[in-house]
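K.L.:
Provided herewith: final_19.cif, mmCIF, C-alpha atoms.
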data_target
#
loop_
_atom_site.label_atom_id
_atom_site.label_comp_id
_atom_site.auth_asym_id
_atom_site.auth_seq_id
_atom_site.Cartn_x
_atom_site.Cartn_y
_atom_site.Cartn_z
CA MET A 239 -62.26 -93.88 -14.94
CA LYS A 240 -63.99 -90.53 -14.36
CA VAL A 241 -63.82 -87.99 -17.18
CA TYR A 242 -64.58 -84.28 -17.14
CA MET A 243 -64.90 -82.42 -20.46
CA VAL A 244 -65.35 -78.74 -21.27
CA ASN A 245 -66.37 -77.62 -24.77
CA LEU A 246 -65.33 -74.12 -25.82
CA GLY A 247 -66.39 -72.06 -28.82
CA CYS A 248 -69.30 -72.61 -31.16
CA ALA A 249 -72.16 -75.08 -31.25
CA LYS A 250 -70.26 -77.20 -33.77
CA ASN A 251 -67.63 -77.81 -31.10
CA VAL A 252 -70.35 -78.88 -28.69
CA VAL A 253 -71.46 -81.53 -31.18
CA ASP A 254 -67.90 -82.84 -31.52
CA GLY A 255 -67.57 -82.99 -27.75
CA GLU A 256 -70.84 -84.87 -27.29
CA PHE A 257 -69.81 -87.54 -29.77
CA MET A 258 -66.46 -87.87 -28.03
CA LEU A 259 -68.27 -88.29 -24.70
CA GLY A 260 -70.36 -91.00 -26.30
CA SER A 261 -67.29 -92.93 -27.42
CA MET A 262 -65.72 -92.57 -23.97
CA ALA A 263 -68.84 -93.83 -22.23
CA ARG A 264 -69.00 -96.80 -24.60
CA MET A 265 -65.53 -97.80 -23.37
CA GLY A 266 -66.66 -97.58 -19.75
CA ALA A 267 -65.76 -94.03 -18.76
CA ILE A 268 -67.90 -92.34 -16.11
CA LEU A 269 -68.66 -88.72 -16.88
CA CYS A 270 -68.48 -86.22 -14.03
CA VAL A 271 -69.48 -82.58 -13.65
CA ASP A 272 -66.72 -81.51 -11.26
CA PRO A 273 -63.11 -81.44 -12.51
CA ALA A 274 -61.92 -82.03 -8.95
CA ASP A 275 -63.36 -85.55 -9.16
CA ALA A 276 -61.97 -86.42 -12.58
CA ASP A 277 -59.21 -88.90 -13.37
CA VAL A 278 -59.00 -87.39 -16.85
CA ILE A 279 -59.79 -83.82 -17.95
CA VAL A 280 -60.46 -83.05 -21.62
CA VAL A 281 -60.52 -79.50 -23.03
CA ASN A 282 -62.13 -79.23 -26.47
CA THR A 283 -60.80 -75.90 -27.73
CA CYS A 284 -61.61 -73.09 -30.17
CA SER A 285 -59.13 -70.83 -31.96
CA PHE A 286 -61.28 -68.92 -34.46
CA ILE A 287 -60.29 -65.45 -33.22
CA GLU A 288 -57.84 -64.09 -30.66
CA ASP A 289 -60.41 -63.96 -27.88
CA ALA A 290 -61.22 -67.65 -28.44
CA VAL A 291 -57.51 -68.53 -28.32
CA ASP A 292 -57.12 -66.63 -25.05
CA GLU A 293 -60.15 -68.36 -23.53
CA SER A 294 -58.83 -71.78 -24.55
CA VAL A 295 -55.38 -71.15 -23.09
CA ASP A 296 -56.81 -69.72 -19.86
CA THR A 297 -59.13 -72.70 -19.46
CA ILE A 298 -56.32 -75.20 -20.00
CA LEU A 299 -54.11 -73.49 -17.41
CA GLU A 300 -57.00 -73.26 -14.93
CA LEU A 301 -57.78 -76.95 -15.24
CA ALA A 302 -54.09 -77.94 -15.22
CA ARG A 303 -54.01 -77.21 -11.49
CA PHE A 304 -56.06 -80.37 -10.94
CA ARG A 305 -53.21 -82.25 -12.61
CA GLN A 306 -50.95 -81.22 -9.74
CA SER A 307 -53.31 -80.93 -6.77
CA GLY A 308 -56.28 -83.18 -7.57
CA VAL A 309 -56.90 -86.76 -8.56
CA CYS A 310 -56.44 -85.97 -12.26
CA ARG A 311 -53.89 -88.25 -13.88
CA ARG A 312 -54.23 -87.09 -17.48
CA LEU A 313 -54.93 -83.72 -19.12
CA VAL A 314 -55.94 -83.89 -22.79
CA VAL A 315 -56.41 -80.92 -25.15
CA CYS A 316 -58.15 -81.39 -28.48
CA GLY A 317 -59.83 -79.48 -31.29
CA CYS A 318 -58.98 -76.30 -33.13
CA LEU A 319 -56.24 -74.89 -30.87
CA PRO A 320 -53.76 -77.77 -31.34
CA GLN A 321 -54.79 -78.07 -34.98
CA ARG A 322 -53.80 -74.43 -35.51
CA TYR A 323 -50.64 -74.17 -33.41
CA GLY A 324 -49.35 -77.74 -33.33
CA ASP A 325 -46.02 -78.53 -31.72
CA ALA A 326 -45.44 -74.90 -30.74
CA LEU A 327 -48.47 -75.15 -28.45
CA ALA A 328 -47.33 -78.48 -27.07
CA ASP A 329 -43.86 -77.09 -26.29
CA ALA A 330 -45.41 -74.11 -24.49
CA MET A 331 -47.72 -76.23 -22.33
CA PRO A 332 -45.84 -79.07 -20.62
CA GLU A 333 -48.79 -79.46 -18.23
CA VAL A 334 -50.76 -81.24 -20.97
CA ASP A 335 -50.26 -84.97 -21.55
CA LEU A 336 -51.73 -85.24 -25.05
CA PHE A 337 -52.87 -82.90 -27.82
CA PHE A 338 -54.91 -84.00 -30.80
CA GLY A 339 -56.49 -81.99 -33.59
CA THR A 340 -59.73 -81.90 -35.53
CA GLY A 341 -58.72 -84.91 -37.61
CA ALA A 342 -58.41 -87.20 -34.61
CA TYR A 343 -61.68 -86.97 -32.67
CA ASP A 344 -62.11 -90.71 -33.20
CA ILE A 345 -59.17 -91.41 -30.87
CA ALA A 346 -60.77 -89.56 -27.95
CA ALA A 347 -61.72 -92.70 -26.03
CA GLU A 348 -58.23 -94.16 -26.48
CA ALA A 349 -56.68 -90.85 -25.48
CA VAL A 350 -58.41 -90.70 -22.11
CA SER A 351 -57.86 -94.39 -21.37
CA GLY A 352 -54.15 -94.33 -22.17
CA LEU A 353 -54.46 -96.68 -25.13
CA ALA A 354 -53.19 -93.90 -27.42
CA ASP A 355 -49.94 -93.40 -25.52
CA GLU A 356 -47.92 -94.70 -28.47
CA LEU A 357 -49.08 -91.72 -30.54
CA PRO A 358 -47.02 -88.51 -30.74
CA ARG A 359 -47.78 -86.11 -27.89
CA CYS A 360 -49.24 -83.76 -30.52
CA THR A 361 -51.28 -85.80 -33.00
CA LEU A 362 -52.53 -83.86 -36.02
CA PRO A 363 -53.78 -86.03 -38.90
CA ASP A 364 -55.46 -84.40 -41.89
CA PRO A 365 -58.92 -83.15 -40.76
CA VAL A 366 -60.47 -84.73 -43.86
CA ARG A 367 -59.56 -88.21 -42.60
CA GLN A 368 -61.86 -87.77 -39.59
CA PRO A 369 -65.01 -89.87 -40.23
CA LEU A 370 -68.29 -87.99 -40.22
CA PRO A 371 -70.73 -89.10 -37.50
CA GLY A 372 -72.75 -92.15 -38.49
CA LYS A 373 -76.41 -92.74 -37.76
CA ASP A 374 -75.57 -95.27 -35.03
CA ASP A 375 -72.71 -93.40 -33.33
CA ASP A 376 -73.10 -92.89 -29.58
CA ARG A 377 -73.64 -89.35 -28.33
CA ILE A 378 -74.24 -87.92 -24.88
CA TYR A 379 -76.24 -84.69 -24.88
CA THR A 380 -74.98 -81.96 -22.57
CA VAL A 381 -78.39 -80.28 -22.94
CA ASN A 382 -81.41 -82.48 -23.60
CA HIS A 383 -84.09 -79.96 -24.59
CA THR A 384 -82.07 -78.27 -27.36
CA VAL A 385 -79.89 -80.51 -29.53
CA TYR A 386 -77.50 -79.30 -32.21
CA ILE A 387 -76.97 -81.51 -35.23
CA LYS A 388 -73.99 -80.94 -37.50
CA ILE A 389 -75.02 -81.51 -41.10
CA ALA A 390 -71.61 -80.97 -42.71
CA GLU A 391 -67.97 -80.48 -41.80
CA GLY A 392 -65.42 -78.07 -43.24
CA CYS A 393 -65.84 -75.25 -45.74
CA ASP A 394 -64.94 -74.52 -49.38
CA ARG A 395 -65.40 -70.73 -49.40
CA HIS A 396 -61.97 -69.52 -48.18
CA CYS A 397 -62.89 -66.05 -46.92
CA THR A 398 -59.66 -64.14 -46.37
CA TYR A 399 -60.24 -63.57 -42.63
CA CYS A 400 -61.19 -67.17 -41.83
CA ILE A 401 -58.99 -70.00 -40.58
CA ILE A 402 -61.72 -72.67 -40.64
CA PRO A 403 -60.82 -74.36 -43.97
CA ALA A 404 -57.28 -74.87 -42.64
CA LEU A 405 -58.59 -76.27 -39.36
CA ARG A 406 -61.49 -78.35 -40.67
CA GLY A 407 -60.68 -79.10 -44.31
CA ARG A 408 -62.95 -79.08 -47.33
CA GLN A 409 -66.70 -79.36 -47.01
CA ARG A 410 -68.07 -82.85 -46.43
CA SER A 411 -71.83 -83.26 -46.08
CA ARG A 412 -73.46 -86.08 -44.14
CA PRO A 413 -76.11 -88.26 -45.81
CA ILE A 414 -79.68 -87.04 -45.36
CA ALA A 415 -80.73 -90.38 -43.84
CA ASP A 416 -78.06 -90.16 -41.12
CA ILE A 417 -79.03 -86.61 -40.17
CA ALA A 418 -82.74 -87.45 -40.08
CA ALA A 419 -82.08 -90.52 -37.93
CA GLU A 420 -80.04 -88.45 -35.48
CA ALA A 421 -82.78 -85.82 -35.33
CA GLY A 422 -85.39 -88.48 -34.63
CA ARG A 423 -83.32 -89.94 -31.81
CA ALA A 424 -82.86 -86.49 -30.29
CA VAL A 425 -86.62 -85.92 -30.21
CA ALA A 426 -87.20 -89.38 -28.78
CA SER A 427 -84.72 -88.48 -26.01
CA GLY A 428 -86.71 -85.39 -25.08
CA ALA A 429 -85.49 -82.62 -27.38
CA SER A 430 -88.01 -79.82 -27.91
CA GLU A 431 -85.73 -78.07 -30.39
CA VAL A 432 -83.35 -79.37 -33.06
CA VAL A 433 -80.79 -76.90 -34.43
CA LEU A 434 -79.00 -77.68 -37.70
CA VAL A 435 -75.46 -76.29 -37.94
CA ALA A 436 -72.45 -76.32 -40.24
CA GLN A 437 -69.84 -73.79 -41.22
CA ASP A 438 -72.17 -72.92 -44.12
CA THR A 439 -75.50 -74.73 -43.93
CA THR A 440 -76.68 -73.41 -47.30
CA SER A 441 -73.81 -75.22 -49.05
CA TYR A 442 -75.10 -78.53 -47.70
CA GLY A 443 -75.12 -81.33 -50.29
CA ARG A 444 -73.02 -79.65 -52.98
CA ASP A 445 -70.36 -82.31 -52.50
CA LEU A 446 -72.88 -85.18 -52.59
CA GLY A 447 -74.03 -84.70 -56.17
CA ALA A 448 -77.44 -85.63 -57.61
CA GLY A 449 -78.80 -82.17 -56.84
CA ILE A 450 -78.98 -82.77 -53.08
CA CYS A 451 -79.38 -79.50 -51.17
CA LEU A 452 -80.47 -77.98 -47.87
CA ALA A 453 -84.06 -77.66 -49.12
CA ASP A 454 -84.25 -81.46 -49.51
CA LEU A 455 -82.71 -82.04 -46.11
CA LEU A 456 -85.13 -79.72 -44.33
CA LYS A 457 -88.19 -81.57 -45.58
CA THR A 458 -86.83 -84.90 -44.35
CA VAL A 459 -85.67 -83.57 -40.98
CA SER A 460 -88.95 -81.74 -40.46
CA SER A 461 -90.84 -85.00 -40.91
CA ALA A 462 -88.45 -86.96 -38.69
CA CYS A 463 -88.82 -84.46 -35.84
CA GLY A 464 -92.61 -84.29 -35.79
CA LYS A 465 -94.75 -81.20 -35.92
CA GLU A 466 -94.32 -80.28 -32.23
CA THR A 467 -90.52 -79.88 -32.41
CA TRP A 468 -88.89 -76.60 -33.32
CA VAL A 469 -86.39 -77.04 -36.16
CA ARG A 470 -83.93 -74.18 -36.51
CA VAL A 471 -81.19 -73.57 -39.11
CA LEU A 472 -78.11 -71.47 -38.34
CA TYR A 473 -75.20 -70.06 -40.35
CA MET A 474 -76.72 -69.52 -43.80
CA HIS A 475 -74.74 -67.73 -46.50
CA PRO A 476 -76.61 -64.85 -48.20
CA GLU A 477 -75.37 -65.95 -51.61
CA ALA A 478 -77.13 -69.32 -51.35
CA VAL A 479 -80.56 -68.43 -49.94
CA ASP A 480 -82.80 -69.16 -52.93
CA ASP A 481 -86.45 -69.77 -53.79
CA ALA A 482 -86.13 -73.54 -53.37
CA LEU A 483 -84.95 -73.09 -49.79
CA LEU A 484 -87.71 -70.60 -48.97
CA ASP A 485 -90.33 -72.89 -50.53
CA SER A 486 -89.05 -75.81 -48.45
CA ILE A 487 -89.27 -73.80 -45.23
CA ALA A 488 -92.76 -72.60 -46.16
CA SER A 489 -93.92 -76.20 -46.62
CA CYS A 490 -92.72 -77.28 -43.16
CA GLY A 491 -94.72 -75.84 -40.30
CA ASN A 492 -92.22 -76.79 -37.58
CA ILE A 493 -89.23 -74.97 -39.11
CA CYS A 494 -88.70 -71.67 -37.32
CA ARG A 495 -88.99 -68.66 -39.60
CA TYR A 496 -85.66 -67.59 -38.18
CA PHE A 497 -82.93 -66.71 -40.66
CA ASP A 498 -79.38 -66.53 -39.32
CA ILE A 499 -77.42 -65.05 -42.24
CA PRO A 500 -73.99 -63.56 -41.43
CA ILE A 501 -73.23 -60.76 -43.91
CA GLN A 502 -69.88 -59.66 -42.37
CA HIS A 503 -70.08 -56.29 -44.17
CA SER A 504 -72.09 -54.31 -46.72
CA SER A 505 -69.43 -52.28 -48.49
CA ASP A 506 -68.82 -53.96 -51.84
CA ARG A 507 -65.16 -52.95 -51.68
CA ILE A 508 -64.68 -54.61 -48.28
CA LEU A 509 -66.71 -57.65 -49.24
CA LYS A 510 -64.36 -58.17 -52.18
CA ARG A 511 -61.30 -57.89 -49.91
CA MET A 512 -62.94 -60.40 -47.59
CA GLY A 513 -63.37 -62.88 -50.43
CA ARG A 514 -67.16 -62.74 -50.11
CA ARG A 515 -68.62 -63.28 -53.59
CA ILE A 516 -71.73 -61.18 -53.10
CA SER A 517 -72.75 -57.53 -53.30
CA ALA A 518 -74.73 -55.39 -50.89
CA GLY A 519 -77.48 -55.09 -53.50
CA ARG A 520 -77.79 -58.87 -53.78
CA MET A 521 -78.00 -59.16 -49.99
CA GLU A 522 -80.77 -56.54 -49.87
CA GLU A 523 -82.70 -58.60 -52.42
CA THR A 524 -82.26 -61.71 -50.28
CA PHE A 525 -83.63 -60.11 -47.13
CA LYS A 526 -86.54 -58.59 -49.05
CA ALA A 527 -87.38 -61.99 -50.53
CA ILE A 528 -87.39 -63.54 -47.06
CA ARG A 529 -89.69 -60.91 -45.62
CA ASP A 530 -91.96 -61.07 -48.66
CA ALA A 531 -92.27 -64.83 -48.19
CA PHE A 532 -92.55 -64.68 -44.39
CA PRO A 533 -93.86 -61.39 -42.97
CA GLU A 534 -93.20 -62.78 -39.47
CA ALA A 535 -89.59 -63.71 -40.32
CA VAL A 536 -86.88 -62.92 -37.81
CA LEU A 537 -83.49 -61.93 -39.24
CA ARG A 538 -80.18 -62.33 -37.47
CA THR A 539 -76.77 -61.43 -38.83
CA THR A 540 -73.13 -61.10 -37.83
CA VAL A 541 -70.85 -58.30 -38.97
CA MET A 542 -67.19 -57.41 -38.65
CA VAL A 543 -65.65 -53.99 -38.10
CA GLY A 544 -62.04 -52.94 -38.47
CA PHE A 545 -61.25 -55.21 -41.42
CA PRO A 546 -58.03 -54.16 -43.22
CA GLY A 547 -58.79 -51.30 -45.59
CA GLU A 548 -62.11 -50.37 -43.96
CA GLN A 549 -62.46 -46.61 -44.34
CA ARG A 550 -64.98 -44.32 -42.74
CA ALA A 551 -67.14 -44.42 -45.87
CA ASP A 552 -67.18 -48.23 -45.78
CA PHE A 553 -68.25 -48.21 -42.16
CA GLU A 554 -71.01 -45.69 -42.87
CA LYS A 555 -72.30 -48.02 -45.60
CA LEU A 556 -72.48 -50.78 -43.03
CA LEU A 557 -74.45 -48.57 -40.64
CA ASP A 558 -76.80 -47.53 -43.44
CA PHE A 559 -77.39 -51.17 -44.38
CA ILE A 560 -78.17 -52.19 -40.81
CA THR A 561 -80.54 -49.27 -40.41
CA ALA A 562 -82.30 -50.08 -43.68
CA VAL A 563 -82.73 -53.83 -43.10
CA GLU A 564 -83.43 -53.56 -39.35
CA PHE A 565 -82.17 -56.95 -38.22
CA ASP A 566 -84.01 -58.39 -35.24
CA HIS A 567 -80.74 -59.68 -33.81
CA LEU A 568 -77.18 -58.69 -34.67
CA GLY A 569 -73.80 -59.81 -33.41
CA ALA A 570 -70.59 -57.95 -34.15
CA PHE A 571 -66.93 -58.54 -33.58
CA ILE A 572 -63.73 -56.67 -34.23
CA TYR A 573 -61.41 -58.05 -36.90
CA SER A 574 -58.86 -60.40 -35.34
CA ASP A 575 -55.53 -60.47 -37.15
CA SER A 576 -53.07 -63.34 -37.34
CA ASP A 577 -50.16 -64.10 -39.64
CA ASP A 578 -51.71 -67.42 -40.74
CA ILE A 579 -54.77 -65.90 -42.43
CA ALA A 580 -54.82 -64.33 -45.89
CA SER A 581 -56.16 -60.95 -44.75
CA HIS A 582 -53.01 -60.43 -42.67
CA ASN A 583 -51.20 -59.56 -45.91
CA LEU A 584 -53.69 -56.87 -46.96
CA ASP A 585 -52.71 -53.23 -46.66
CA ALA A 586 -54.22 -50.43 -44.56
CA HIS A 587 -54.88 -52.25 -41.31
CA VAL A 588 -57.27 -50.38 -39.01
CA THR A 589 -56.03 -49.33 -35.57
CA ALA A 590 -57.49 -51.05 -32.53
CA LYS A 591 -58.79 -47.74 -31.20
CA THR A 592 -60.67 -46.95 -34.42
CA ALA A 593 -62.08 -50.48 -34.66
CA ARG A 594 -63.34 -50.32 -31.06
CA ARG A 595 -64.96 -46.94 -31.67
CA ARG A 596 -66.75 -48.28 -34.73
CA TYR A 597 -67.86 -51.38 -32.85
CA ASP A 598 -69.35 -49.30 -30.03
CA ARG A 599 -71.18 -47.03 -32.46
CA LEU A 600 -72.56 -49.93 -34.45
CA MET A 601 -73.86 -51.70 -31.35
CA SER A 602 -75.49 -48.48 -30.17
CA VAL A 603 -77.36 -48.22 -33.46
CA GLN A 604 -78.44 -51.86 -33.23
CA ALA A 605 -79.57 -51.46 -29.61
CA VAL A 606 -82.14 -48.89 -30.72
CA ILE A 607 -83.42 -51.23 -33.43
CA SER A 608 -83.52 -54.23 -31.10
CA ARG A 609 -85.42 -52.33 -28.40
CA ARG A 610 -88.01 -51.16 -30.91
CA LYS A 611 -88.43 -54.69 -32.23
CA ASN A 612 -88.84 -56.09 -28.72
CA GLU A 613 -91.24 -53.36 -27.60
CA ALA A 614 -93.49 -54.30 -30.52
CA ARG A 615 -93.94 -57.72 -28.89
CA VAL A 616 -95.33 -56.32 -25.63
CA GLY A 617 -98.92 -57.49 -25.14
CA LYS A 618 -98.51 -60.43 -27.53
CA ILE A 619 -98.59 -64.10 -26.59
CA CYS A 620 -95.76 -66.42 -27.59
CA GLU A 621 -94.64 -69.92 -26.79
CA VAL A 622 -91.48 -70.08 -24.65
CA LEU A 623 -89.13 -73.02 -24.22
CA VAL A 624 -88.19 -73.21 -20.53
CA GLU A 625 -84.42 -73.39 -19.99
CA GLU A 626 -83.97 -72.48 -16.34
CA LYS A 627 -85.96 -72.21 -13.12
CA ALA A 628 -84.63 -69.01 -11.56
CA ALA A 629 -86.89 -68.98 -8.47
CA GLU A 630 -89.98 -70.74 -7.14
CA ASP A 631 -92.25 -69.21 -9.77
CA VAL A 632 -89.78 -67.42 -12.05
CA PHE A 633 -88.42 -69.02 -15.22
CA VAL A 634 -86.05 -68.14 -18.04
CA GLY A 635 -86.51 -69.40 -21.56
CA ARG A 636 -86.59 -68.56 -25.26
CA ALA A 637 -89.25 -68.00 -27.85
CA TRP A 638 -88.97 -69.34 -31.40
CA PHE A 639 -87.52 -66.01 -32.50
CA GLN A 640 -84.53 -66.35 -30.15
CA ALA A 641 -81.69 -68.76 -30.89
CA PRO A 642 -79.82 -70.37 -27.99
CA GLU A 643 -76.78 -68.60 -26.54
CA VAL A 644 -76.67 -65.71 -29.03
CA ASP A 645 -80.01 -63.91 -28.67
CA GLY A 646 -81.97 -62.57 -25.73
CA GLU A 647 -84.22 -64.46 -23.32
CA VAL A 648 -87.72 -64.33 -21.91
CA CYS A 649 -87.97 -64.10 -18.13
CA PHE A 650 -91.49 -64.91 -16.96
CA SER A 651 -93.46 -65.67 -13.82
CA GLY A 652 -96.33 -68.05 -13.32
CA PHE A 653 -97.22 -71.56 -12.19
CA ALA A 654 -94.33 -73.09 -10.23
CA GLY A 655 -94.70 -76.53 -11.80
CA HIS A 656 -92.98 -75.83 -15.12
CA SER A 657 -89.89 -77.91 -15.90
CA VAL A 658 -86.88 -77.34 -18.12
CA GLY A 659 -87.83 -78.38 -21.64
CA ASP A 660 -91.51 -77.46 -21.29
CA ARG A 661 -93.09 -75.10 -23.79
CA VAL A 662 -95.26 -72.48 -22.09
CA LYS A 663 -97.56 -69.79 -23.51
CA VAL A 664 -96.42 -66.42 -22.17
CA ARG A 665 -97.89 -62.94 -22.49
CA ILE A 666 -95.08 -60.42 -23.01
CA THR A 667 -95.29 -57.55 -20.50
CA GLY A 668 -91.95 -55.75 -20.84
CA ALA A 669 -88.94 -55.34 -23.12
CA THR A 670 -85.33 -54.15 -23.09
CA GLU A 671 -82.80 -54.00 -25.92
CA TYR A 672 -82.25 -57.75 -25.82
CA ASP A 673 -84.57 -59.46 -23.34
CA LEU A 674 -88.30 -59.78 -22.72
CA GLU A 675 -90.42 -60.15 -19.60
CA GLY A 676 -93.73 -61.92 -19.36
CA GLU A 677 -96.37 -63.83 -17.45
CA ALA A 678 -97.33 -67.42 -18.10
CA LEU A 679 -100.96 -67.95 -19.07
#
Go ahead and express the file in the form of structure tokens.
P.N.:
Amino acid sequence: MKVYMVNLGCAKNVVDGEFMLGSMARMGAILCVDPADADVIVVNTCSFIEDAVDESVDTILELARFRQSGVCRRLVVCGCLPQRYGDALADAMPEVDLFFGTGAYDIAAEAVSGLADELPRCTLPDPVRQPLPGKDDDRIYTVNHTVYIKIAEGCDRHCTYCIIPALRGRQRSRPIADIAAEAGRAVASGASEVVLVAQDTTSYGRDLGAGICLADLLKTVSSACGKETWVRVLYMHPEAVDDALLDSIASCGNICRYFDIPIQHSSDRILKRMGRRISAGRMEETFKAIRDAFPEAVLRTTVMVGFPGEQRADFEKLLDFITAVEFDHLGAFIYSDSDDIASHNLDAHVTAKTARRRYDRLMSVQAVISRRKNEARVGKICEVLVEEKAAEDVFVGRAWFQAPEVDGEVCFSGFAGHSVGDRVKVRITGATEYDLEGEAL
């Protein structure tokens, strides 16, 4: 049986999909890269915000045509979209044979083979019953040179705008030994970069007891990966970045001094409405501590505009904060409302027009900062991980200060023999707001 899978949404979804592919292959499935050749098509969906919902629905409908006109005999939809919308989604999409949610990834192999046909068409067990990946679980990497490793599932913070706790359940951290073993296998399979992810990586271990924390995990993973492998951590919470974590990073030479810390906002009033238990002053202290510890540190954040109750003064505070901190990378999105999140019931919703205007202004401010940061790298030499061969002697890759998918790239020319996954020393020769140009040494 030939199976085609598409993973939508964040890196955590990619990890789920790769473990599902591993279980399918163990049962004899053959994985294919063209949906036209597939007997079974699987869509692993995201539903975090409205845009993600729209992308998931559009992808399902696009692939459903192979159910009618191709060799496809079974269309399966899994992940966050069915977990969020349940039977209503199933009723609206008769093209799909089976839906299962985030608590049923372990039935993926049975779902594609038909062995799960006795289950309800929409199967939504409690997400907490889904076993965490074990150290010996099969996984098929969709990208070999950069491997994401999920260190925990779920979240306990309950921000008012966020649906994740409802979709993924409470936080459950994996044992350090299992994570380290998975990281070691990834490097042995050719990974040049290991990226640790969770909904909130800095809360890792709080549910395990015995004082286990992210700082402990990083030391073990750093050793398991070897000194030549980049180790990157994403999705830190500003409230939980402490001295122990910074000391751990400082002691491990292969951990990228790259701090991805979503702040969401910097108006204390809006932060409180968001359910974020931190102040702008505390966040400023966190970023100062990072830069004091690591002068070369790269800071990335994510912010939201148009949250219910956001007034002009709140937005100006956000702009002032961004200008003061000068993040190297910044992502922004407009508040996405839905009647199944707590913030829907807040007063003073911001109009779409106002939110879009604020978004455009914010990104214009950040573009100036990003360009200045990038221009400061011109003339310097950095190591670049090759991700694509664009032409005979032109390559696209990333430096340690650029995370996959979300930051800019380095386009460079040089010796034609480089391969994807190689690390190449590049002299930076040009810069734009987000990308760099260079020449290989």
K.L.:
Rounded to one decimal place, report the CA of Lys555 in chain A-CA of Ala518 in chain A distance in Å.
P.N.:
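CA of Ala518 in chain A lies at a distance of 9.4 Å from CA of Lys555 in chain A.
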K.L.:
Selected by the PyMOL selection byres ((chain A and resi 263) around 12) in the shown coordinates: which residues, as a list in words?
P.N.:
Met239, Lys240, Val241, Tyr242, Glu256, Phe257, Met258, Leu259, Gly260, Ser261, Met262, Arg264, Met265, Gly266, Ala267, Ile268, Leu269, Cys270, Ala346, Ala347, Glu348, Val350, Ser351, Asp375, Asp376, Arg377 and Ile378 of chain A
K.L.:
Record the distance separating CA of Tyr573 in chain A and CA of Gly407 in chain A, expressed in Å with one decimal.
P.N.:
22.3 Å
K.L.:
Translate the PyMOL selection byres ((chain A and resi 254) around 9), as applied to the file shown, into an explicit residue set as a PyMOL selection string.
P.N.:
chain A and resi 245+249-253+255-259+282+317+343+388
K.L.:
Might you pull out every residue within 8 Å of Asp394 in chain A, with all atoms listed in the file counted and same-chain residues fewer than 4 positions away left off, and present them as a list in words?
P.N.:
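Skipping anything fewer than 4 positions along the chain leaves Pro403, Arg408 and Gln409 of chain A.
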K.L.:
Can you tell me which residues surround Leu405 in chain A at a distance of at most 7 Å, considering only C-alpha atoms, apart from same-chain residues fewer than 5 positions away, and format the answer as a list in words?
P.N.:
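The residues satisfying every condition are Cys318, Gln321, Arg322 and Thr340 of chain A.
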K.L.:
Taking (-74.7, -66.1, -41.0) in the file's own coordinates, collect the residues within 9 Å, counting all atoms listed in the file, and hand them back as a list in words.
P.N.:
Asp438, Leu472, Tyr473, Met474, His475, Pro476, Phe497, Asp498, Ile499, Pro500, Ile501, Gln502, Arg538, Thr539, Thr540 and Val541 of chain A
K.L.:
Take the PyMOL selection byres ((chain A and resi 422) around 10), run it mentally on this structure, and tell me the resulting residues as a VMD selection string.
P.N.:
chain A and resid 416 to 421 423 to 427 429 432 459 to 464
K.L.:
As an exercise, work out the distance from CA of Ile387 in chain A to CA of Arg367 in chain A in Å and give it to one decimal place.
P.N.:
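CA of Arg367 in chain A lies at a distance of 20.1 Å from CA of Ile387 in chain A.
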K.L.:
If we count all atoms listed in the file, what is near Ile287 in chain A at a cut-off of 12 Å, once residues fewer than 6 positions away on the same chain are taken out, given as a list in words?
P.N.:
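Residues near the query, excluding close chain neighbours: Gly247, Cys248, Glu293, Ser294, Cys318, Leu319, Arg322, Tyr399, Cys400, Ile401, Ile402, Met542, Phe571, Ile572, Tyr573, Ser574, Asp575, Ser576, Asp578 and Ile579 of chain A.
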K.L.:
List as a PyMOL selection string the residues having at least one atom at most 6 Å from position (-58.0, -52.6, -41.4) as given in the file, counting all atoms listed in the file.
P.N.:
chain A and resi 544-548+586-588
